[in-house]
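Pasted below: my_file34.csv, CSV, C-alpha atoms.
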chain,number,residue,atom,x,y,z
A,1,MET,CA,11.0,-0.2,39.7
A,2,SER,CA,8.2,1.4,37.7
A,3,ARG,CA,6.5,-0.6,35.0
A,4,TYR,CA,6.0,2.6,32.9
A,5,ALA,CA,8.9,4.1,30.9
A,6,GLY,CA,9.5,7.8,31.0
A,7,GLN,CA,11.5,10.1,28.7
A,8,SER,CA,15.1,11.3,29.2
A,9,LYS,CA,13.9,14.8,28.1
A,10,LYS,CA,11.2,16.7,30.1
A,11,ILE,CA,8.1,17.2,28.0
A,12,HIS,CA,8.0,21.0,28.7
A,13,ASP,CA,11.6,21.3,27.3
A,14,CYS,CA,10.6,19.7,24.0
A,15,THR,CA,9.5,21.5,20.8
A,16,ALA,CA,6.3,19.9,19.6
A,17,LYS,CA,7.0,17.2,17.0
A,18,THR,CA,5.1,14.8,14.8
A,19,GLY,CA,6.6,11.4,14.2
A,20,VAL,CA,5.5,9.6,11.0
A,21,LEU,CA,6.0,5.8,11.1
A,22,LEU,CA,5.7,3.9,7.8
A,23,THR,CA,5.4,0.2,8.4
A,24,ASN,CA,5.3,-3.0,6.3
A,25,LEU,CA,5.2,-6.7,7.1
A,26,GLY,CA,8.9,-7.6,7.4
A,27,THR,CA,11.8,-9.5,5.9
A,28,PRO,CA,14.6,-11.7,7.1
A,29,ASP,CA,18.0,-10.1,7.8
A,30,SER,CA,19.6,-12.2,5.2
A,31,PRO,CA,18.6,-15.0,2.7
A,32,THR,CA,19.9,-17.8,5.0
A,33,ALA,CA,18.1,-20.6,6.8
A,34,GLY,CA,19.1,-19.2,10.2
A,35,ALA,CA,17.7,-15.8,9.4
A,36,LEU,CA,14.5,-17.3,8.0
A,37,ARG,CA,14.1,-19.4,11.0
A,38,ARG,CA,14.2,-16.3,13.3
A,39,TYR,CA,11.9,-14.4,11.1
A,40,LEU,CA,9.3,-17.2,10.6
A,41,ARG,CA,9.3,-17.9,14.3
A,42,GLU,CA,8.3,-14.4,15.1
A,43,PHE,CA,5.9,-14.1,12.2
A,44,LEU,CA,4.1,-17.4,12.6
A,45,SER,CA,3.9,-17.2,16.4
A,46,ASP,CA,1.6,-14.2,16.2
A,47,PRO,CA,-2.0,-15.3,16.9
A,48,ARG,CA,-3.2,-12.6,14.5
A,49,VAL,CA,-1.5,-14.6,11.7
A,50,VAL,CA,-2.4,-18.1,12.7
A,51,GLU,CA,-5.6,-18.7,14.7
A,52,ILE,CA,-5.1,-22.4,15.5
A,53,PRO,CA,-5.2,-23.3,19.2
A,54,ARG,CA,-1.8,-22.2,20.6
A,55,LEU,CA,-0.6,-25.5,22.1
A,56,ILE,CA,-1.4,-27.4,18.9
A,57,TRP,CA,0.1,-24.8,16.7
A,58,MET,CA,3.3,-24.5,18.7
A,59,VAL,CA,3.9,-28.2,18.3
A,60,ILE,CA,3.4,-27.9,14.5
A,61,LEU,CA,5.4,-24.8,14.2
A,62,HIS,CA,8.5,-25.9,16.2
A,63,GLY,CA,8.2,-29.6,15.5
A,64,ILE,CA,7.7,-29.4,11.7
A,65,ILE,CA,7.6,-26.0,10.0
A,66,LEU,CA,10.7,-24.4,11.5
A,67,ARG,CA,12.6,-27.5,10.8
A,68,VAL,CA,11.7,-27.6,7.1
A,69,ARG,CA,10.5,-24.3,5.8
A,70,PRO,CA,13.5,-22.0,6.5
A,71,LYS,CA,15.8,-23.8,4.1
A,72,LYS,CA,13.2,-23.7,1.3
A,73,SER,CA,12.3,-20.1,1.9
A,74,ALA,CA,16.0,-19.1,2.1
A,75,LYS,CA,16.5,-20.3,-1.5
A,76,LEU,CA,13.5,-18.2,-2.7
A,77,TYR,CA,14.8,-15.1,-0.9
A,78,GLU,CA,18.2,-15.7,-2.3
A,79,SER,CA,16.7,-15.5,-5.8
A,80,ILE,CA,15.4,-12.0,-5.3
A,81,TRP,CA,18.1,-10.6,-2.9
A,82,THR,CA,19.9,-7.5,-4.1
A,83,GLU,CA,23.3,-6.0,-3.3
A,84,GLU,CA,21.5,-3.5,-1.1
A,85,GLY,CA,19.6,-6.2,0.7
A,86,SER,CA,15.9,-7.3,0.8
A,87,PRO,CA,13.9,-5.6,-1.9
A,88,LEU,CA,11.0,-4.9,0.5
A,89,LEU,CA,13.3,-3.1,2.9
A,90,VAL,CA,15.2,-1.3,0.2
A,91,ILE,CA,12.0,0.0,-1.4
A,92,SER,CA,10.6,0.9,2.1
A,93,LYS,CA,13.6,3.1,2.7
A,94,GLN,CA,13.2,4.7,-0.7
A,95,GLN,CA,9.6,5.5,0.2
A,96,LYS,CA,10.6,6.9,3.5
A,97,ALA,CA,13.3,9.1,1.9
A,98,LYS,CA,10.8,10.6,-0.5
A,99,VAL,CA,8.1,11.2,2.1
A,100,GLU,CA,10.7,12.7,4.5
A,101,LYS,CA,12.0,15.1,1.8
A,102,VAL,CA,8.6,16.5,1.1
A,103,LEU,CA,7.6,16.9,4.7
A,104,THR,CA,11.0,18.4,5.7
A,105,GLU,CA,10.6,21.0,3.0
A,106,LYS,CA,7.2,21.9,4.3
A,107,TYR,CA,7.5,21.5,8.0
A,108,GLY,CA,11.2,21.6,8.8
A,109,ASP,CA,12.3,19.7,11.9
A,110,LYS,CA,8.7,19.6,13.3
A,111,VAL,CA,8.2,16.2,11.5
A,112,ILE,CA,10.3,13.1,11.9
A,113,VAL,CA,9.8,10.1,9.5
A,114,ASP,CA,10.9,6.5,10.1
A,115,VAL,CA,10.2,3.1,8.7
A,116,ALA,CA,9.8,-0.2,10.5
A,117,MET,CA,8.7,-3.8,10.0
A,118,ARG,CA,6.1,-5.6,12.0
A,119,TYR,CA,8.4,-8.7,12.1
A,120,GLY,CA,12.1,-8.6,11.9
A,121,ASN,CA,14.2,-5.4,11.6
A,122,PRO,CA,14.1,-2.4,11.8
A,123,SER,CA,11.5,-3.0,14.5
A,124,ILE,CA,8.4,-1.0,15.4
A,125,GLY,CA,9.5,-0.9,19.0
A,126,ASN,CA,12.9,0.7,18.3
A,127,ALA,CA,11.3,3.3,16.0
A,128,LEU,CA,8.8,4.3,18.7
A,129,GLU,CA,11.5,4.5,21.3
A,130,SER,CA,13.4,6.8,19.0
A,131,PHE,CA,10.3,9.0,18.7
A,132,GLN,CA,9.9,9.0,22.5
A,133,GLU,CA,13.5,10.1,23.1
A,134,LYS,CA,13.2,12.9,20.5
A,135,GLY,CA,10.1,14.4,22.3
A,136,VAL,CA,7.5,13.4,19.7
A,137,ASN,CA,4.1,14.2,21.0
A,138,ASN,CA,2.0,13.3,18.0
A,139,ILE,CA,2.5,9.9,16.2
A,140,ILE,CA,1.1,9.0,12.8
A,141,VAL,CA,1.3,5.3,12.0
A,142,LEU,CA,0.8,4.4,8.3
A,143,PRO,CA,0.8,0.6,7.7
A,144,LEU,CA,1.4,0.2,4.0
A,145,TYR,CA,-1.4,-2.4,3.5
A,146,PRO,CA,-4.1,-0.7,1.4
A,147,GLN,CA,-6.7,-3.2,2.3
A,148,TYR,CA,-7.1,-3.8,6.1
A,149,ALA,CA,-6.5,-7.3,7.3
A,150,GLY,CA,-6.1,-8.6,10.8
A,151,PRO,CA,-2.8,-10.5,10.1
A,152,THR,CA,-1.3,-7.3,8.6
A,153,THR,CA,-2.8,-4.0,9.8
A,154,GLY,CA,-4.3,-5.5,12.9
A,155,ALA,CA,-1.0,-7.1,13.9
A,156,THR,CA,0.7,-3.7,13.4
A,157,PHE,CA,-1.8,-2.1,15.7
A,158,ASP,CA,-1.0,-4.7,18.3
A,159,ALA,CA,2.8,-4.0,18.1
A,160,VAL,CA,2.4,-0.2,18.3
A,161,PHE,CA,0.0,-0.2,21.2
A,162,ASN,CA,1.8,-3.0,23.1
A,163,LYS,CA,4.8,-0.8,23.1
A,164,ILE,CA,3.1,2.5,23.8
A,165,LYS,CA,1.1,1.1,26.7
A,166,THR,CA,4.3,0.8,28.6
A,167,TRP,CA,5.0,4.5,28.4
A,168,ARG,CA,4.2,6.8,31.3
A,169,TRP,CA,3.1,9.6,29.0
A,170,ILE,CA,1.0,8.7,25.9
A,171,PRO,CA,1.3,11.0,22.9
A,172,SER,CA,-1.5,11.7,20.5
A,173,ILE,CA,-1.8,8.9,18.0
A,174,HIS,CA,-3.4,8.5,14.5
A,175,PHE,CA,-3.4,5.0,13.1
A,176,GLN,CA,-4.4,4.6,9.5
A,177,SER,CA,-6.5,1.5,9.3
A,178,SER,CA,-7.0,1.2,5.5
A,179,TYR,CA,-6.9,3.2,2.3
A,180,HIS,CA,-8.3,0.7,-0.2
A,181,ASP,CA,-10.8,3.2,-1.7
A,182,LYS,CA,-8.9,6.5,-1.5
A,183,PRO,CA,-9.1,8.4,-4.8
A,184,LEU,CA,-5.4,9.0,-5.2
A,185,TYR,CA,-4.6,5.4,-4.5
A,186,ILE,CA,-7.1,4.2,-7.1
A,187,LYS,CA,-5.8,6.7,-9.7
A,188,ALA,CA,-2.2,5.6,-9.0
A,189,LEU,CA,-3.1,2.0,-9.7
A,190,ALA,CA,-5.0,2.9,-12.8
A,191,THR,CA,-2.1,5.0,-14.1
A,192,SER,CA,0.3,2.2,-13.6
A,193,ILE,CA,-2.0,-0.1,-15.6
A,194,ASN,CA,-2.4,2.5,-18.4
A,195,ASN,CA,1.3,3.0,-18.5
A,196,HIS,CA,1.7,-0.8,-19.0
A,197,ILE,CA,-0.8,-0.8,-21.8
A,198,ALA,CA,1.0,1.9,-23.6
A,199,VAL,CA,4.1,-0.2,-23.7
A,200,HIS,CA,2.8,-3.8,-24.0
A,201,GLY,CA,-0.7,-3.4,-25.3
A,202,LYS,CA,-4.0,-4.5,-23.8
A,203,PRO,CA,-3.9,-8.1,-22.7
A,204,ASP,CA,-6.6,-10.7,-23.1
A,205,LYS,CA,-7.1,-10.6,-19.4
A,206,PHE,CA,-6.0,-8.4,-16.5
A,207,VAL,CA,-5.5,-10.5,-13.3
A,208,PHE,CA,-5.9,-8.6,-10.1
A,209,SER,CA,-4.1,-10.9,-7.6
A,210,TYR,CA,-4.4,-10.2,-3.9
A,211,HIS,CA,-2.5,-11.9,-1.1
A,212,GLY,CA,-4.5,-14.8,0.2
A,213,MET,CA,-6.1,-15.4,3.6
A,214,PRO,CA,-7.8,-18.4,5.2
A,215,LYS,CA,-11.5,-18.3,4.5
A,216,TYR,CA,-12.1,-18.7,8.2
A,217,PHE,CA,-11.0,-15.1,8.7
A,218,LEU,CA,-13.6,-13.8,6.3
A,219,GLU,CA,-16.3,-15.9,8.1
A,220,GLN,CA,-15.2,-14.3,11.4
A,221,GLY,CA,-15.7,-10.8,10.1
A,222,ASP,CA,-12.3,-9.7,8.6
A,223,PRO,CA,-13.1,-7.1,5.9
A,224,TYR,CA,-10.0,-7.8,3.7
A,225,TYR,CA,-12.0,-9.8,1.1
A,226,CYS,CA,-14.6,-7.0,0.7
A,227,PHE,CA,-12.0,-4.2,0.7
A,228,SER,CA,-10.0,-6.1,-2.0
A,229,HIS,CA,-13.1,-6.4,-4.2
A,230,LYS,CA,-13.9,-2.7,-3.7
A,231,THR,CA,-10.3,-1.7,-4.8
A,232,THR,CA,-10.7,-3.9,-7.9
A,233,ARG,CA,-14.1,-2.4,-8.7
A,234,LEU,CA,-12.9,1.2,-8.4
A,235,VAL,CA,-9.8,0.6,-10.5
A,236,VAL,CA,-11.9,-1.2,-13.2
A,237,GLU,CA,-14.3,1.7,-13.2
A,238,GLU,CA,-11.4,4.2,-13.5
A,239,LEU,CA,-10.0,2.3,-16.5
A,240,GLY,CA,-13.4,1.7,-18.1
A,241,LEU,CA,-12.9,-2.1,-18.3
A,242,SER,CA,-15.7,-4.5,-19.0
A,243,LYS,CA,-16.4,-7.6,-16.8
A,244,ASP,CA,-14.7,-9.7,-19.6
A,245,ASP,CA,-11.5,-7.8,-19.4
A,246,TYR,CA,-10.4,-8.9,-15.9
A,247,VAL,CA,-10.5,-11.5,-13.2
A,248,MET,CA,-9.7,-11.2,-9.5
A,249,THR,CA,-7.8,-13.9,-7.6
A,250,PHE,CA,-5.9,-14.6,-4.3
A,251,GLN,CA,-2.4,-15.9,-4.1
A,252,SER,CA,0.2,-17.2,-1.5
A,253,ARG,CA,-1.9,-19.8,0.3
A,254,PHE,CA,-0.3,-21.9,2.9
A,255,GLY,CA,-1.4,-25.2,4.6
A,256,LYS,CA,-4.4,-27.4,3.9
A,257,ALA,CA,-7.2,-25.1,5.0
A,258,GLU,CA,-9.5,-23.5,2.4
A,259,TRP,CA,-8.3,-19.9,1.6
A,260,LEU,CA,-10.1,-17.1,-0.3
A,261,LYS,CA,-10.9,-18.1,-3.8
A,262,PRO,CA,-10.3,-18.2,-6.7
A,263,TYR,CA,-6.7,-19.1,-6.4
A,264,THR,CA,-4.2,-17.2,-8.7
A,265,ASP,CA,-2.2,-20.2,-9.8
A,266,GLU,CA,-5.2,-22.3,-10.7
A,267,THR,CA,-6.9,-19.4,-12.5
A,268,LEU,CA,-3.8,-18.7,-14.6
A,269,ALA,CA,-3.7,-22.2,-15.8
A,270,SER,CA,-7.5,-22.2,-16.6
A,271,LEU,CA,-7.1,-18.9,-18.5
A,272,ALA,CA,-4.4,-20.3,-20.7
A,273,GLU,CA,-6.3,-23.5,-21.3
A,274,ALA,CA,-9.4,-21.5,-22.3
A,275,GLY,CA,-7.3,-19.8,-25.1
A,276,ASN,CA,-6.1,-16.6,-23.4
A,277,LYS,CA,-2.6,-16.0,-24.8
A,278,HIS,CA,-1.8,-12.7,-23.1
A,279,VAL,CA,-2.3,-11.7,-19.5
A,280,ALA,CA,-1.0,-8.9,-17.3
A,281,ILE,CA,-1.1,-9.4,-13.5
A,282,ILE,CA,-1.1,-6.8,-10.8
A,283,SER,CA,-1.3,-7.2,-7.0
A,284,PRO,CA,-2.8,-4.1,-5.5
A,285,ALA,CA,-2.4,-5.4,-1.9
A,286,PHE,CA,1.3,-4.9,-2.1
A,287,SER,CA,2.7,-1.4,-1.6
A,288,ALA,CA,6.2,-2.6,-2.3
A,289,ASP,CA,7.6,-5.5,-4.3
A,290,CYS,CA,8.7,-8.4,-2.3
A,291,LEU,CA,9.1,-12.2,-2.3
A,292,GLU,CA,5.4,-12.7,-3.1
A,293,THR,CA,5.6,-10.5,-6.2
A,294,LEU,CA,9.2,-10.8,-7.4
A,295,GLU,CA,9.4,-14.6,-7.1
A,296,GLU,CA,5.8,-15.9,-6.9
A,297,LEU,CA,4.2,-13.6,-9.5
A,298,VAL,CA,7.1,-12.8,-11.8
A,299,HIS,CA,8.5,-16.3,-12.0
A,300,GLU,CA,6.4,-19.1,-10.5
A,301,ASN,CA,3.0,-18.0,-11.9
A,302,LYS,CA,4.5,-17.1,-15.2
A,303,GLU,CA,5.7,-20.7,-15.6
A,304,ILE,CA,2.2,-22.0,-14.7
A,305,PHE,CA,0.6,-19.8,-17.4
A,306,ILE,CA,3.1,-20.5,-20.1
A,307,THR,CA,3.1,-24.2,-19.4
A,308,ALA,CA,-0.7,-24.3,-19.7
A,309,GLY,CA,-0.5,-22.7,-23.2
A,310,GLY,CA,-0.2,-19.0,-22.6
A,311,GLU,CA,2.3,-16.9,-24.6
A,312,GLN,CA,2.7,-13.4,-23.1
A,313,TYR,CA,2.7,-12.9,-19.3
A,314,HIS,CA,3.5,-9.5,-17.8
A,315,TYR,CA,3.7,-8.4,-14.1
A,316,ILE,CA,2.8,-4.8,-13.4
A,317,ALA,CA,5.0,-3.7,-10.6
A,318,ALA,CA,3.8,-2.5,-7.2
A,319,LEU,CA,3.6,1.3,-6.8
A,320,ASN,CA,6.8,1.2,-4.8
A,321,ASP,CA,8.4,4.7,-4.6
A,322,ASP,CA,6.6,6.1,-7.6
A,323,ASP,CA,5.8,9.8,-7.1
A,324,SER,CA,2.1,9.0,-7.4
A,325,HIS,CA,2.4,6.6,-4.5
A,326,ILE,CA,4.3,9.1,-2.4
A,327,ASP,CA,1.4,11.5,-3.1
A,328,VAL,CA,-1.0,8.9,-1.7
A,329,MET,CA,1.1,8.6,1.5
A,330,LEU,CA,1.3,12.3,1.9
A,331,ASP,CA,-2.5,12.7,1.4
A,332,LEU,CA,-3.0,10.2,4.3
A,333,ILE,CA,-0.3,11.8,6.6
A,334,GLU,CA,-0.6,15.6,6.3
A,335,PRO,CA,-4.1,16.0,7.7
A,336,HIS,CA,-2.8,14.7,11.0
A,337,ILE,CA,0.4,16.7,11.4
A,338,VAL,CA,0.1,19.2,14.2

Would you put the structure from the file into structure tokens?
Amino acid sequence: MSRYAGQSKKIHDCTAKTGVLLTNLGTPDSPTAGALRRYLREFLSDPRVVEIPRLIWMVILHGIILRVRPKKSAKLYESIWTEEGSPLLVISKQQKAKVEKVLTEKYGDKVIVDVAMRYGNPSIGNALESFQEKGVNNIIVLPLYPQYAGPTTGATFDAVFNKIKTWRWIPSIHFQSSYHDKPLYIKALATSINNHIAVHGKPDKFVFSYHGMPKYFLEQGDPYYCFSHKTTRLVVEELGLSKDDYVMTFQSRFGKAEWLKPYTDETLASLAEAGNKHVAIISPAFSADCLETLEELVHENKEIFITAGGEQYHYIAALNDDDSHIDVMLDLIEPHIV
């Protein structure tokens, strides 16, 4: 039996097609302990995510974390779950629908759009198999992480190419590594902040909060920290803010190791204690609202700020399926359509 998979259709019988795959990190199938255990097992078993020696980490993961964390995480997911399901997946499907509508109007059936998650469902492997069966000969992969990081974009690269390397015929592939400094992305973020100011006024401080990462990753050459700083700098320049108008932080740390600093929760408490009564927080690393924004930023960190003496706390939503965000995606996709 061959180790390489062929296609049910003959290539010469297929009309040339481009497959566009939008990807994000992932979500459990339901807000239950069982679903969280399956999701976390897949997520935390990836060496891109956790770079502890495998034997030691597997003992910790299966002996401690997967026995305790799923139940706690399930309660958090339950607090943000909607009638349609996981907010991340719902928003991802909305993004896909808008991108698909524009591309179909321009290119007809020459372009196919799908959405997949690196961990959980819908899977990257199933989406790629669907492309293969439809005769796609040009694949564009757009991981919706503006700032490249090994545990996100790098892990997506692994999943895509681990699947495609088993195919007998390899199509053309474009993989978007990062878009942290693309002009349309910067303008979209700046517009969302200006729209917020128009409604709520200018805060004492803007907090640019990025998802955290172990400091070890930076020391080993991961560019995420630098890319995040560049995004912040470009947005600040676009808005004309001074250095006293904002701070930049990192959230969502896990475990006892040192992560990228300063930490969002500690910074918010310090800002309130220093007399800042009004803050607005935005997380440019997230292309769609999810647990880390809808629970951690909207509720958990608000409580920290208010308890420490703050009065007004606002979260500026992710770009989600805003038309300006769809324009960013199209700007990244269209040059590679054939």

Item to complete: Pick out the residues sitting within 12 Å of stretch 28-31 of chain A, and hand them over as a ChimeraX atom specification; count all atoms listed in the file, and ignore anything fewer than 4 positions along from it in its own chain.
Response: /A:35-43,70-90,117-123,290-291

Discussion item. Just want the 7 Å neighbourhood of A:Asn138, counted on all atoms listed in the file, with same-chain residues fewer than 3 positions away dropped. Output as a ChimeraX atom specification.
Written reply: /A:17-19,171-173

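Among the candidates A:Glu300, A:Asp321, A:Asp181, A:Glu51, the residue lying nearest to A:Tyr216 is A:Glu51 (atoms considered: all atoms listed in the file).
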
Worksheet, complete the sentence: Restricting to all atoms listed in the file, whichever of A:Leu241, A:Met58, A:Ile304, A:Val113 is closest to A:Lys202 is A:Leu241

Worksheet item: Could you work out how far atom CA of A:Ala274 lies from atom CA of A:His196, giving the answer in Å with one decimal?
Response: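 About the pair atom CA of A:His196 and atom CA of A:Ala274: they are 23.7 Å apart.
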
Worksheet item: Which is closest to A:Gly201 among A:Lys93, A:His278, A:Arg54, A:Lys163, if we use all atoms listed in the file?
Response: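 Ranking A:Lys93, A:His278, A:Arg54, A:Lys163 by distance to A:Gly201, first place goes to A:His278.
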
Worksheet item: Do you know which residues are at most 10 Å from A:Arg67 counting all atoms listed in the file, after dropping those on the same chain fewer than 5 positions away, and could you put them as a PyMOL selection string?
Response: chain A and resi 33+37+60-62

9 Å contact set for A:Asn24, all atoms listed in the file, chain neighbours under 6 positions out, as a PDB file with C-alpha atoms, in the coordinates of the input:
ATOM      1  CA  LEU A  88      11.000  -4.900   0.500  1.00  0.00           C
ATOM      2  CA  LEU A  89      13.300  -3.100   2.900  1.00  0.00           C
ATOM      3  CA  SER A  92      10.600   0.900   2.100  1.00  0.00           C
ATOM      4  CA  VAL A 115      10.200   3.100   8.700  1.00  0.00           C
ATOM      5  CA  ALA A 116       9.800  -0.200  10.500  1.00  0.00           C
ATOM      6  CA  MET A 117       8.700  -3.800  10.000  1.00  0.00           C
ATOM      7  CA  ARG A 118       6.100  -5.600  12.000  1.00  0.00           C
ATOM      8  CA  TYR A 119       8.400  -8.700  12.100  1.00  0.00           C
ATOM      9  CA  LEU A 142       0.800   4.400   8.300  1.00  0.00           C
ATOM     10  CA  PRO A 143       0.800   0.600   7.700  1.00  0.00           C
ATOM     11  CA  LEU A 144       1.400   0.200   4.000  1.00  0.00           C
ATOM     12  CA  TYR A 145      -1.400  -2.400   3.500  1.00  0.00           C
ATOM     13  CA  THR A 152      -1.300  -7.300   8.600  1.00  0.00           C
ATOM     14  CA  THR A 153      -2.800  -4.000   9.800  1.00  0.00           C
ATOM     15  CA  THR A 156       0.700  -3.700  13.400  1.00  0.00           C
ATOM     16  CA  SER A 287       2.700  -1.400  -1.600  1.00  0.00           C
ATOM     17  CA  ALA A 288       6.200  -2.600  -2.300  1.00  0.00           C
TER      18      ALA A 288
END

Discussion item. Using only C-alpha atoms for the distances, tell me which of A:Tyr246, A:Phe227, A:Phe175, A:Tyr148 is nearest to A:Ile333.
Written reply: A:Phe175

Worksheet item: Do you have the atom CA of A:Tyr315-atom CA of A:Lys205 distance handy?
Response: 12.2 Å

Worksheet item: For the atom pair atom CA of A:His299 and atom CA of A:Asn194, what is the interatomic distance in Å to one decimal place?
Response: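 Between these atoms lies a distance of 22.7 Å.
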
Worksheet entry | Neighbour list for stretch 183-193 of chain A as a PyMOL selection string, cut-off 12 Å, all atoms listed in the file, skip fewer than 5 positions in-chain | chain A and resi 144-147+178+198-203+206-208+228+230-241+280-287+314-332

Size and centre in Å, one decimal, axis-aligned box, all listed stretch 239-247 of chain A atoms plus 8 Å per side, as AutoDock Vina command-line options:
--center_x -13.2 --center_y -4.6 --center_z -16.4 --size_x 22.4 --size_y 29.8 --size_z 22.4

Worksheet entry | Proximity to A:Val141 - best of A:Tyr225, A:Asp245, A:Leu21, A:Phe250, all atoms listed in the file | A:Leu21

Export stretch 227-234 of chain A, all heavy atoms, as a compact mmCIF listing (two decimals), in the first residue's frame; it's the structure right above.
# COMPACT_ATOMS: atom_id res chain seq x y z
N PHE A 227 7.62 41.66 17.15
CA PHE A 227 6.51 41.97 16.25
C PHE A 227 5.37 42.67 17.00
O PHE A 227 4.72 43.58 16.47
CB PHE A 227 5.99 40.70 15.59
CG PHE A 227 6.89 40.15 14.51
CD1 PHE A 227 6.58 38.95 13.88
CD2 PHE A 227 8.05 40.80 14.13
CE1 PHE A 227 7.40 38.43 12.88
CE2 PHE A 227 8.88 40.30 13.15
CZ PHE A 227 8.56 39.10 12.52
N SER A 228 5.11 42.24 18.23
CA SER A 228 4.05 42.87 19.04
C SER A 228 4.40 44.32 19.32
O SER A 228 3.55 45.22 19.23
CB SER A 228 3.87 42.10 20.34
OG SER A 228 3.45 40.77 20.09
N HIS A 229 5.66 44.57 19.67
CA HIS A 229 6.08 45.95 19.92
C HIS A 229 5.96 46.80 18.66
O HIS A 229 5.58 47.98 18.73
CB HIS A 229 7.52 45.97 20.44
CG HIS A 229 7.62 45.84 21.93
ND1 HIS A 229 7.49 46.91 22.78
CD2 HIS A 229 7.79 44.75 22.72
CE1 HIS A 229 7.60 46.51 24.02
NE2 HIS A 229 7.79 45.20 24.03
N LYS A 230 6.26 46.21 17.51
CA LYS A 230 6.16 46.99 16.28
C LYS A 230 4.71 47.34 15.97
O LYS A 230 4.40 48.47 15.56
CB LYS A 230 6.77 46.24 15.09
CG LYS A 230 6.83 47.09 13.83
CD LYS A 230 7.62 46.45 12.71
CE LYS A 230 7.74 47.40 11.53
NZ LYS A 230 8.49 46.79 10.39
N THR A 231 3.80 46.38 16.17
CA THR A 231 2.38 46.67 15.98
C THR A 231 1.95 47.84 16.85
O THR A 231 1.30 48.79 16.39
CB THR A 231 1.52 45.44 16.29
OG1 THR A 231 1.80 44.39 15.35
CG2 THR A 231 0.04 45.78 16.21
N THR A 232 2.30 47.77 18.13
CA THR A 232 1.92 48.85 19.05
C THR A 232 2.49 50.18 18.60
O THR A 232 1.78 51.20 18.57
CB THR A 232 2.42 48.52 20.47
OG1 THR A 232 1.83 47.30 20.91
CG2 THR A 232 2.04 49.63 21.43
N ARG A 233 3.76 50.20 18.24
CA ARG A 233 4.40 51.45 17.82
C ARG A 233 3.70 52.05 16.61
O ARG A 233 3.44 53.26 16.55
CB ARG A 233 5.87 51.21 17.49
CG ARG A 233 6.58 52.45 16.94
CD ARG A 233 8.06 52.23 16.75
NE ARG A 233 8.36 51.18 15.80
CZ ARG A 233 8.35 51.32 14.48
NH1 ARG A 233 7.98 52.50 13.94
NH2 ARG A 233 8.66 50.33 13.67
N LEU A 234 3.36 51.21 15.62
CA LEU A 234 2.72 51.71 14.41
C LEU A 234 1.31 52.23 14.68
O LEU A 234 0.89 53.25 14.11
CB LEU A 234 2.69 50.62 13.35
CG LEU A 234 4.06 50.22 12.78
CD1 LEU A 234 3.93 49.01 11.86
CD2 LEU A 234 4.70 51.39 12.04
